[in-house]
Amino acid sequence: MIRIAENINVMSKTIGPAMKERNAKPIQQMAISAAEAGADYLDINIGPARKGGDEMMEWLVKTVHEVVDLPLSLDTTNPVALEAGLKAHKKGKPLVNSVSMQPERLEKTLPLVKQYHAQMIGLLWGKEGMPRDVNERAALAVDLAYQANQMGIENEDIWIDPIATPVSGEINQVIACTEFMAMLQDICPGCKSTVGLSNVSNGTPDNLRPYLNRAYMIMLQKNGLYSAIVDAYDKELGKLAKGEMPEIVNLVYQVMDGKEIDSTSLSQKELEYVKTVKVLMGKSLYSHSWLEI
Ligand code: THG
């Protein structure tokens, strides 16, 4: 499982001000520690960055690449900033995060992906916004891959993101994202996939977020998930991603396959995974105290 570190983002209390002040140190430290934690890509998230986004992105790419060799995921909705980042990117194949499906966005970003020999995250956000179910996601994915192919971008460079949503919201959307993963190779053979994993735990108390992120990653992985945008500092998530916790993975698979689990034989940790998977499958109701019930 490829991990894209979400940590270098403008919303962060330490990184946001450092970006604005062009203070390299905290950003470089973050990049080094995310790389040491085993990240495969670093997401450089500057948000919409309407003013001066191009200078900021160029500076960030150079600043980060002074200290790490990882390829970067350039996360901005500003196409001028995106191009500045792509131009400055010299280490490996960059990832454009993201290409959403409004016609004007496709028109501006697909040619940049092609021109700079980049890979892209295809975000299934359509003309009408968020897809409502798995079928709308499938239709958007096929359309997006088709349009990218027309531009000369191959499926292996397209990472489809079906958009993970918070478990505290509409649970059918969480389930639709899981189901979509199982369909992807049939509808877009050779395409890769990713999700913003932390989205699923948005709105959940901070100390409980990792439980949801970890369990959801295993569930999506069972259905073929290729990569995820994650908190690089979550050590247990890193172990799961590297296949170092096979017992937990097997347990999650069993719950997903509907096997009866004898909960009296489970450790505390195993029980927490089982409870969390049941919530994410829509089999039990989410509340902030789901682990205690
Ligand atoms: N899909 C794609 N790109 C994405 C997302 C996605 N990029 C943005 C986002 N979703 C993924 N990145 C983050 C980054 C930070 C957090 C969540 C997702 C986050 N941060 C903590 C918080 O806000 O509480 C900590 C912030 C801090 O460091 O202070 O939750 O879905 N393609």
# chains A, B, ... in the order shown; residues from 1 in each chain; ligands from 1
call {"tool": "closest_atom_pairs", "arguments": {"of": "stretch 163-240 of chain A", "to": "stretch 72-75 of chain A", "cutoff": "12 Å", "atoms": "only C-alpha atoms", "output": "Markdown table"}}
result
| residue | atom | partner | partner_atom | distance |
| --- | --- | --- | --- | --- |
| A:Thr194 | CA | A:Ser73 | CA | 11.9 |
| A:Gly196 | CA | A:Asp75 | CA | 11.8 |
| A:Ala228 | CA | A:Ser73 | CA | 11.7 |
| A:Ile229 | CA | A:Ser73 | CA | 9.7 |
call {"tool": "write_last_selection", "arguments": {"atoms": "all heavy atoms", "output": "PDB file, in the first residue's frame"}}
result
ATOM      1  N   THR A 194      -6.909   5.872  -4.787  1.00  0.00           N
ATOM      2  CA  THR A 194      -6.490   6.490  -3.538  1.00  0.00           C
ATOM      3  C   THR A 194      -7.719   7.038  -2.825  1.00  0.00           C
ATOM      4  O   THR A 194      -8.792   7.153  -3.441  1.00  0.00           O
ATOM      5  CB  THR A 194      -5.440   7.600  -3.786  1.00  0.00           C
ATOM      6  OG1 THR A 194      -4.751   7.875  -2.559  1.00  0.00           O
ATOM      7  CG2 THR A 194      -6.072   8.889  -4.290  1.00  0.00           C
ATOM      8  N   GLY A 196      -8.573  10.094   0.566  1.00  0.00           N
ATOM      9  CA  GLY A 196      -8.156  10.899   1.716  1.00  0.00           C
ATOM     10  C   GLY A 196      -8.693  10.196   2.947  1.00  0.00           C
ATOM     11  O   GLY A 196      -9.828  10.388   3.349  1.00  0.00           O
ATOM     12  N   ALA A 228      -3.230   5.551  -0.189  1.00  0.00           N
ATOM     13  CA  ALA A 228      -4.094   6.417   0.606  1.00  0.00           C
ATOM     14  C   ALA A 228      -3.314   7.642   1.071  1.00  0.00           C
ATOM     15  O   ALA A 228      -2.098   7.571   1.284  1.00  0.00           O
ATOM     16  CB  ALA A 228      -4.666   5.665   1.805  1.00  0.00           C
ATOM     17  N   ILE A 229      -4.031   8.745   1.188  1.00  0.00           N
ATOM     18  CA  ILE A 229      -3.466   9.970   1.747  1.00  0.00           C
ATOM     19  C   ILE A 229      -3.707   9.885   3.246  1.00  0.00           C
ATOM     20  O   ILE A 229      -4.858   9.827   3.684  1.00  0.00           O
ATOM     21  CB  ILE A 229      -4.166  11.211   1.147  1.00  0.00           C
ATOM     22  CG1 ILE A 229      -4.092  11.165  -0.373  1.00  0.00           C
ATOM     23  CG2 ILE A 229      -3.551  12.495   1.701  1.00  0.00           C
ATOM     24  CD1 ILE A 229      -5.055  12.118  -1.066  1.00  0.00           C
TER      25      ILE A 229
END
call {"tool": "residues_around", "arguments": {"residues": "stretch 51-65 of chain A", "least_positions_apart": "6", "cutoff": "7 Å", "atoms": "only C-alpha atoms", "output": "ChimeraX atom specification"}}
result
/A:24,28,31,80-81,84-85,88-89
call {"tool": "write_last_selection", "arguments": {"atoms": "N, CA, C and O atoms", "output": "PDB file, in the first residue's frame"}}
result
ATOM      1  N   ALA A  24      11.540  27.811   5.966  1.00  0.00           N
ATOM      2  CA  ALA A  24      11.803  26.461   5.458  1.00  0.00           C
ATOM      3  C   ALA A  24      11.902  25.391   6.563  1.00  0.00           C
ATOM      4  O   ALA A  24      11.468  24.258   6.368  1.00  0.00           O
ATOM      5  N   GLN A  28      10.750  21.534   6.260  1.00  0.00           N
ATOM      6  CA  GLN A  28      11.772  20.522   5.952  1.00  0.00           C
ATOM      7  C   GLN A  28      11.828  19.448   7.039  1.00  0.00           C
ATOM      8  O   GLN A  28      11.997  18.269   6.740  1.00  0.00           O
ATOM      9  N   ALA A  31       8.966  17.180   6.417  1.00  0.00           N
ATOM     10  CA  ALA A  31       9.233  16.334   5.248  1.00  0.00           C
ATOM     11  C   ALA A  31      10.174  15.192   5.616  1.00  0.00           C
ATOM     12  O   ALA A  31       9.934  14.029   5.250  1.00  0.00           O
ATOM     13  N   VAL A  80      -2.467  27.611 -11.981  1.00  0.00           N
ATOM     14  CA  VAL A  80      -1.199  28.331 -12.173  1.00  0.00           C
ATOM     15  C   VAL A  80      -0.176  27.846 -11.147  1.00  0.00           C
ATOM     16  O   VAL A  80       0.998  27.609 -11.469  1.00  0.00           O
ATOM     17  N   ALA A  81      -0.635  27.668  -9.898  1.00  0.00           N
ATOM     18  CA  ALA A  81       0.238  27.138  -8.845  1.00  0.00           C
ATOM     19  C   ALA A  81       0.647  25.703  -9.179  1.00  0.00           C
ATOM     20  O   ALA A  81       1.801  25.307  -8.976  1.00  0.00           O
ATOM     21  N   ALA A  84       3.405  25.742 -11.773  1.00  0.00           N
ATOM     22  CA  ALA A  84       4.680  26.183 -11.175  1.00  0.00           C
ATOM     23  C   ALA A  84       5.317  25.038 -10.395  1.00  0.00           C
ATOM     24  O   ALA A  84       6.537  24.829 -10.457  1.00  0.00           O
ATOM     25  N   GLY A  85       4.488  24.270  -9.682  1.00  0.00           N
ATOM     26  CA  GLY A  85       5.005  23.128  -8.925  1.00  0.00           C
ATOM     27  C   GLY A  85       5.528  22.032  -9.846  1.00  0.00           C
ATOM     28  O   GLY A  85       6.577  21.435  -9.593  1.00  0.00           O
ATOM     29  N   ALA A  88       8.907  22.880 -11.251  1.00  0.00           N
ATOM     30  CA  ALA A  88      10.005  22.832 -10.278  1.00  0.00           C
ATOM     31  C   ALA A  88      10.319  21.398  -9.835  1.00  0.00           C
ATOM     32  O   ALA A  88      11.353  21.143  -9.228  1.00  0.00           O
ATOM     33  N   HIS A  89       9.434  20.458 -10.140  1.00  0.00           N
ATOM     34  CA  HIS A  89       9.541  19.084  -9.633  1.00  0.00           C
ATOM     35  C   HIS A  89      10.524  18.266 -10.466  1.00  0.00           C
ATOM     36  O   HIS A  89      10.263  17.994 -11.639  1.00  0.00           O
TER      37      HIS A  89
END
call {"tool": "residues_near_ligand", "arguments": {"ligand": "ligand 1", "cutoff": "8 Å", "atoms": "only C-alpha atoms and all ligand atoms", "output": "JSON, numbers by chain"}}
result
{"A": [6, 7, 8, 9, 11, 12, 13, 14, 15, 43, 45, 75, 97, 98, 121, 122, 123, 161, 163, 164, 165, 194, 195, 196, 197, 198, 199, 202, 206, 229, 230, 231]}
call {"tool": "write_last_selection", "arguments": {"atoms": "N, CA, C and O atoms", "output": "short mmCIF file (atom, residue, chain, number, x, y, z; two decimals), in the first residue's frame"}}
result
data_model
loop_
_atom_site.label_atom_id
_atom_site.label_comp_id
_atom_site.auth_asym_id
_atom_site.auth_seq_id
_atom_site.Cartn_x
_atom_site.Cartn_y
_atom_site.Cartn_z
N GLU A 6 -0.18 13.30 4.43
CA GLU A 6 -1.08 14.46 4.37
C GLU A 6 -0.53 15.65 5.16
O GLU A 6 -1.12 16.73 5.16
N ASN A 7 0.62 15.45 5.84
CA ASN A 7 1.00 16.36 6.93
C ASN A 7 1.45 17.75 6.52
O ASN A 7 1.33 18.69 7.30
N ILE A 8 1.97 17.89 5.29
CA ILE A 8 2.40 19.24 4.87
C ILE A 8 1.21 19.95 4.25
O ILE A 8 0.98 19.87 3.04
N ASN A 9 0.39 20.59 5.10
CA ASN A 9 -0.79 21.25 4.57
C ASN A 9 -1.03 22.59 5.26
O ASN A 9 -0.71 22.78 6.43
N MET A 11 -3.52 24.04 6.35
CA MET A 11 -4.43 24.09 7.48
C MET A 11 -3.73 23.80 8.81
O MET A 11 -4.26 24.09 9.87
N SER A 12 -2.54 23.23 8.74
CA SER A 12 -1.82 22.86 9.97
C SER A 12 -1.34 24.11 10.70
O SER A 12 -0.87 25.07 10.10
N LYS A 13 -1.42 24.05 12.02
CA LYS A 13 -1.08 25.23 12.85
C LYS A 13 0.39 25.61 12.73
O LYS A 13 0.75 26.77 12.87
N THR A 14 1.27 24.64 12.53
CA THR A 14 2.69 24.97 12.40
C THR A 14 3.08 25.19 10.94
O THR A 14 3.84 26.11 10.62
N ILE A 15 2.57 24.37 10.05
CA ILE A 15 3.00 24.42 8.65
C ILE A 15 2.37 25.61 7.91
O ILE A 15 3.03 26.26 7.09
N ASP A 43 2.22 14.84 0.19
CA ASP A 43 1.20 15.74 -0.36
C ASP A 43 1.56 17.17 0.06
O ASP A 43 1.79 17.43 1.24
N ASN A 45 -0.06 20.48 0.28
CA ASN A 45 -1.43 21.00 0.18
C ASN A 45 -1.46 22.48 0.53
O ASN A 45 -1.31 22.85 1.68
N ASP A 75 -1.09 19.48 -4.27
CA ASP A 75 -2.50 19.56 -3.88
C ASP A 75 -2.96 21.01 -3.86
O ASP A 75 -2.74 21.75 -2.90
N ASN A 97 -2.77 16.46 -7.59
CA ASN A 97 -3.90 16.24 -6.67
C ASN A 97 -4.73 17.51 -6.58
O ASN A 97 -4.35 18.43 -5.89
N SER A 98 -5.84 17.59 -7.22
CA SER A 98 -6.43 16.49 -7.96
C SER A 98 -7.10 17.06 -9.20
O SER A 98 -7.23 18.26 -9.34
N ILE A 121 -4.45 12.29 -9.63
CA ILE A 121 -5.57 11.77 -8.85
C ILE A 121 -6.83 12.30 -9.51
O ILE A 121 -7.01 13.51 -9.64
N GLY A 122 -7.66 11.39 -9.98
CA GLY A 122 -8.94 11.76 -10.57
C GLY A 122 -9.99 11.75 -9.48
O GLY A 122 -10.35 10.69 -8.96
N LEU A 123 -10.42 12.94 -9.10
CA LEU A 123 -11.37 13.07 -7.98
C LEU A 123 -12.79 13.01 -8.54
O LEU A 123 -13.15 13.80 -9.41
N ASP A 161 -10.00 8.63 -7.09
CA ASP A 161 -10.38 8.90 -5.69
C ASP A 161 -11.90 9.03 -5.61
O ASP A 161 -12.46 10.03 -6.06
N ILE A 163 -13.79 9.58 -3.18
CA ILE A 163 -14.13 10.54 -2.12
C ILE A 163 -14.67 9.83 -0.87
O ILE A 163 -15.83 9.41 -0.80
N ALA A 164 -13.80 9.74 0.12
CA ALA A 164 -14.19 9.21 1.42
C ALA A 164 -14.92 10.31 2.19
O ALA A 164 -14.53 11.48 2.11
N THR A 165 -15.96 9.94 2.91
CA THR A 165 -16.77 10.92 3.65
C THR A 165 -16.84 10.53 5.14
O THR A 165 -16.58 9.37 5.48
N THR A 194 -6.91 5.87 -4.79
CA THR A 194 -6.49 6.49 -3.54
C THR A 194 -7.72 7.04 -2.82
O THR A 194 -8.79 7.15 -3.44
N VAL A 195 -7.58 7.35 -1.54
CA VAL A 195 -8.61 8.10 -0.81
C VAL A 195 -7.92 8.99 0.23
O VAL A 195 -6.83 8.67 0.69
N GLY A 196 -8.57 10.09 0.57
CA GLY A 196 -8.16 10.90 1.72
C GLY A 196 -8.69 10.20 2.95
O GLY A 196 -9.83 10.39 3.35
N LEU A 197 -7.87 9.31 3.52
CA LEU A 197 -8.36 8.40 4.56
C LEU A 197 -8.89 9.15 5.79
O LEU A 197 -9.90 8.75 6.37
N SER A 198 -8.23 10.23 6.17
CA SER A 198 -8.63 10.96 7.38
C SER A 198 -10.01 11.60 7.26
O SER A 198 -10.61 11.96 8.27
N ASN A 199 -10.50 11.72 6.03
CA ASN A 199 -11.86 12.26 5.86
C ASN A 199 -12.88 11.45 6.67
O ASN A 199 -13.85 11.98 7.18
N ASN A 202 -13.31 12.62 10.17
CA ASN A 202 -13.55 14.04 10.39
C ASN A 202 -14.74 14.23 11.32
O ASN A 202 -15.77 13.58 11.14
N ASP A 206 -10.41 13.67 18.50
CA ASP A 206 -9.06 13.46 17.96
C ASP A 206 -8.43 12.14 18.37
O ASP A 206 -7.80 11.46 17.56
N ILE A 229 -4.03 8.75 1.19
CA ILE A 229 -3.47 9.97 1.75
C ILE A 229 -3.71 9.88 3.25
O ILE A 229 -4.86 9.83 3.68
N VAL A 230 -2.60 9.83 4.01
CA VAL A 230 -2.73 9.46 5.43
C VAL A 230 -1.85 10.33 6.32
O VAL A 230 -0.94 11.00 5.86
N ASP A 231 -2.13 10.24 7.62
CA ASP A 231 -1.24 10.80 8.62
C ASP A 231 -0.01 9.91 8.70
O ASP A 231 -0.09 8.79 9.19
#
call {"tool": "select_by_dssp", "arguments": {"residues": "stretch 39-276 of chain A", "states": "strand (DSSP E or B)", "output": "ChimeraX atom specification"}}
result
/A:41-47,72-76,95-99,119-123,126,129,158-161,192-193,196,227-230
call {"tool": "closest_atom_pairs", "arguments": {"of": "stretch 122-205 of chain A", "to": "stretch 216-220 of chain A", "cutoff": "9 Å", "atoms": "only C-alpha atoms", "output": "JSON lines"}}
result
{"residue": "A:Cys177", "atom": "CA", "partner": "A:Leu220", "partner_atom": "CA", "distance": 8.2}
{"residue": "A:Thr178", "atom": "CA", "partner": "A:Leu220", "partner_atom": "CA", "distance": 5.6}
{"residue": "A:Glu179", "atom": "CA", "partner": "A:Leu220", "partner_atom": "CA", "distance": 8.5}
{"residue": "A:Met181", "atom": "CA", "partner": "A:Leu220", "partner_atom": "CA", "distance": 6.5}
{"residue": "A:Ala182", "atom": "CA", "partner": "A:Leu220", "partner_atom": "CA", "distance": 8.3}
{"residue": "A:Leu197", "atom": "CA", "partner": "A:Met217", "partner_atom": "CA", "distance": 7.1}
{"residue": "A:Val200", "atom": "CA", "partner": "A:Tyr216", "partner_atom": "CA", "distance": 7.8}
call {"tool": "write_last_selection", "arguments": {"atoms": "N, CA, C and O atoms", "output": "short mmCIF file (atom, residue, chain, number, x, y, z; two decimals), in the first residue's frame"}}
result
data_model
loop_
_atom_site.label_atom_id
_atom_site.label_comp_id
_atom_site.auth_asym_id
_atom_site.auth_seq_id
_atom_site.Cartn_x
_atom_site.Cartn_y
_atom_site.Cartn_z
N CYS A 177 -18.23 4.08 -1.01
CA CYS A 177 -16.80 4.22 -1.32
C CYS A 177 -16.11 2.85 -1.23
O CYS A 177 -15.30 2.49 -2.07
N THR A 178 -16.49 2.06 -0.22
CA THR A 178 -15.94 0.70 -0.07
C THR A 178 -16.34 -0.16 -1.28
O THR A 178 -15.51 -0.87 -1.85
N GLU A 179 -17.61 -0.09 -1.65
CA GLU A 179 -18.10 -0.90 -2.78
C GLU A 179 -17.44 -0.48 -4.09
O GLU A 179 -17.15 -1.32 -4.94
N MET A 181 -14.46 0.51 -4.60
CA MET A 181 -13.12 -0.06 -4.72
C MET A 181 -13.17 -1.46 -5.35
O MET A 181 -12.30 -1.83 -6.14
N ALA A 182 -14.20 -2.21 -5.00
CA ALA A 182 -14.30 -3.58 -5.52
C ALA A 182 -14.65 -3.60 -7.01
O ALA A 182 -14.42 -4.59 -7.69
N LEU A 197 -7.87 9.31 3.52
CA LEU A 197 -8.36 8.40 4.56
C LEU A 197 -8.89 9.15 5.79
O LEU A 197 -9.90 8.75 6.37
N VAL A 200 -12.65 10.13 6.73
CA VAL A 200 -13.65 9.25 7.33
C VAL A 200 -13.85 9.55 8.82
O VAL A 200 -14.92 9.31 9.37
#
call {"tool": "residues_around", "arguments": {"residues": "A:Met151", "least_positions_apart": "6", "cutoff": "8 Å", "atoms": "only C-alpha atoms", "output": "mmCIF file with C-alpha atoms, in the first residue's frame"}}
result
data_model
loop_
_atom_site.group_PDB
_atom_site.id
_atom_site.type_symbol
_atom_site.label_atom_id
_atom_site.label_comp_id
_atom_site.auth_asym_id
_atom_site.auth_seq_id
_atom_site.Cartn_x
_atom_site.Cartn_y
_atom_site.Cartn_z
ATOM 1 C CA LEU A 110 -5.493 17.348 -17.982
ATOM 2 C CA PRO A 111 -3.115 19.070 -20.455
ATOM 3 C CA LYS A 114 0.223 15.198 -20.027
#
call {"tool": "residues_around", "arguments": {"residues": "A:Gly38", "least_positions_apart": "6", "cutoff": "12 Å", "atoms": "only C-alpha atoms", "output": "PyMOL selection string"}}
result
chain A and resi 1-5+31-32+68+70+230-239+241-242
call {"tool": "write_last_selection", "arguments": {"atoms": "N, CA and C atoms", "output": "PDB file, in the first residue's frame"}}
result
ATOM      1  N   MET A   1       0.843  -1.212   0.000  1.00  0.00           N
ATOM      2  CA  MET A   1       0.000   0.000   0.000  1.00  0.00           C
ATOM      3  C   MET A   1       0.871   1.251   0.000  1.00  0.00           C
ATOM      4  N   ILE A   2       0.654   2.081  -0.973  1.00  0.00           N
ATOM      5  CA  ILE A   2       1.417   3.334  -1.084  1.00  0.00           C
ATOM      6  C   ILE A   2       0.805   4.374  -0.153  1.00  0.00           C
ATOM      7  N   ARG A   3       1.665   5.007   0.666  1.00  0.00           N
ATOM      8  CA  ARG A   3       1.173   6.040   1.580  1.00  0.00           C
ATOM      9  C   ARG A   3       1.612   7.439   1.139  1.00  0.00           C
ATOM     10  N   ILE A   4       0.650   8.316   0.995  1.00  0.00           N
ATOM     11  CA  ILE A   4       0.905   9.716   0.670  1.00  0.00           C
ATOM     12  C   ILE A   4       0.704  10.500   1.964  1.00  0.00           C
ATOM     13  N   ALA A   5       1.765  11.172   2.447  1.00  0.00           N
ATOM     14  CA  ALA A   5       1.662  11.882   3.728  1.00  0.00           C
ATOM     15  C   ALA A   5       0.836  13.156   3.577  1.00  0.00           C
ATOM     16  N   ALA A  31       8.966  17.180   6.417  1.00  0.00           N
ATOM     17  CA  ALA A  31       9.233  16.334   5.248  1.00  0.00           C
ATOM     18  C   ALA A  31      10.174  15.192   5.616  1.00  0.00           C
ATOM     19  N   ILE A  32      11.222  15.506   6.357  1.00  0.00           N
ATOM     20  CA  ILE A  32      12.203  14.480   6.745  1.00  0.00           C
ATOM     21  C   ILE A  32      11.539  13.438   7.652  1.00  0.00           C
ATOM     22  N   VAL A  68      14.519  15.879   0.964  1.00  0.00           N
ATOM     23  CA  VAL A  68      14.045  14.504   0.711  1.00  0.00           C
ATOM     24  C   VAL A  68      13.959  14.260  -0.795  1.00  0.00           C
ATOM     25  N   LEU A  70      11.631  12.077  -2.120  1.00  0.00           N
ATOM     26  CA  LEU A  70      10.339  11.473  -2.466  1.00  0.00           C
ATOM     27  C   LEU A  70       9.606  12.308  -3.521  1.00  0.00           C
ATOM     28  N   VAL A 230      -2.600   9.828   4.010  1.00  0.00           N
ATOM     29  CA  VAL A 230      -2.726   9.456   5.427  1.00  0.00           C
ATOM     30  C   VAL A 230      -1.851  10.325   6.322  1.00  0.00           C
ATOM     31  N   ASP A 231      -2.127  10.236   7.619  1.00  0.00           N
ATOM     32  CA  ASP A 231      -1.242  10.804   8.617  1.00  0.00           C
ATOM     33  C   ASP A 231      -0.007   9.909   8.697  1.00  0.00           C
ATOM     34  N   ALA A 232       1.113  10.410   8.203  1.00  0.00           N
ATOM     35  CA  ALA A 232       2.335   9.591   8.133  1.00  0.00           C
ATOM     36  C   ALA A 232       2.823   9.181   9.522  1.00  0.00           C
ATOM     37  N   TYR A 233       2.400   9.915  10.549  1.00  0.00           N
ATOM     38  CA  TYR A 233       2.906   9.638  11.897  1.00  0.00           C
ATOM     39  C   TYR A 233       2.110   8.560  12.625  1.00  0.00           C
ATOM     40  N   ASP A 234       1.056   8.056  12.029  1.00  0.00           N
ATOM     41  CA  ASP A 234       0.300   6.979  12.667  1.00  0.00           C
ATOM     42  C   ASP A 234       1.070   5.669  12.451  1.00  0.00           C
ATOM     43  N   LYS A 235       1.795   5.235  13.491  1.00  0.00           N
ATOM     44  CA  LYS A 235       2.700   4.075  13.364  1.00  0.00           C
ATOM     45  C   LYS A 235       1.941   2.787  13.079  1.00  0.00           C
ATOM     46  N   GLU A 236       0.801   2.618  13.760  1.00  0.00           N
ATOM     47  CA  GLU A 236       0.040   1.380  13.556  1.00  0.00           C
ATOM     48  C   GLU A 236      -0.507   1.309  12.126  1.00  0.00           C
ATOM     49  N   LEU A 237      -0.948   2.468  11.633  1.00  0.00           N
ATOM     50  CA  LEU A 237      -1.421   2.521  10.246  1.00  0.00           C
ATOM     51  C   LEU A 237      -0.302   2.136   9.283  1.00  0.00           C
ATOM     52  N   GLY A 238       0.907   2.619   9.583  1.00  0.00           N
ATOM     53  CA  GLY A 238       2.078   2.284   8.766  1.00  0.00           C
ATOM     54  C   GLY A 238       2.350   0.784   8.759  1.00  0.00           C
ATOM     55  N   LYS A 239       2.252   0.172   9.932  1.00  0.00           N
ATOM     56  CA  LYS A 239       2.468  -1.283  10.029  1.00  0.00           C
ATOM     57  C   LYS A 239       1.421  -2.042   9.228  1.00  0.00           C
ATOM     58  N   ALA A 241      -0.234  -0.972   6.692  1.00  0.00           N
ATOM     59  CA  ALA A 241      -0.006  -0.728   5.264  1.00  0.00           C
ATOM     60  C   ALA A 241       1.119  -1.602   4.731  1.00  0.00           C
ATOM     61  N   LYS A 242       2.090  -1.901   5.597  1.00  0.00           N
ATOM     62  CA  LYS A 242       3.232  -2.722   5.168  1.00  0.00           C
ATOM     63  C   LYS A 242       2.992  -4.210   5.365  1.00  0.00           C
TER      64      LYS A 242
END
call {"tool": "select_by_dssp", "arguments": {"residues": "stretch 44-242 of chain A", "states": "alpha helix (DSSP H)", "output": "PyMOL selection string"}}
result
chain A and resi 53-65+79-88+103-115+134-150+171-187+209-222+235-241
call {"tool": "closest_residue", "arguments": {"among": "A:Ile153, A:Val279, A:Ala118, A:Met19", "to": "A:Val167", "atoms": "only C-alpha atoms"}}
result
A:Val279
call {"tool": "closest_residue", "arguments": {"among": "A:Arg50, A:Lys90, A:Arg209, A:Arg137", "to": "A:Leu184", "atoms": "only C-alpha atoms"}}
result
A:Arg137
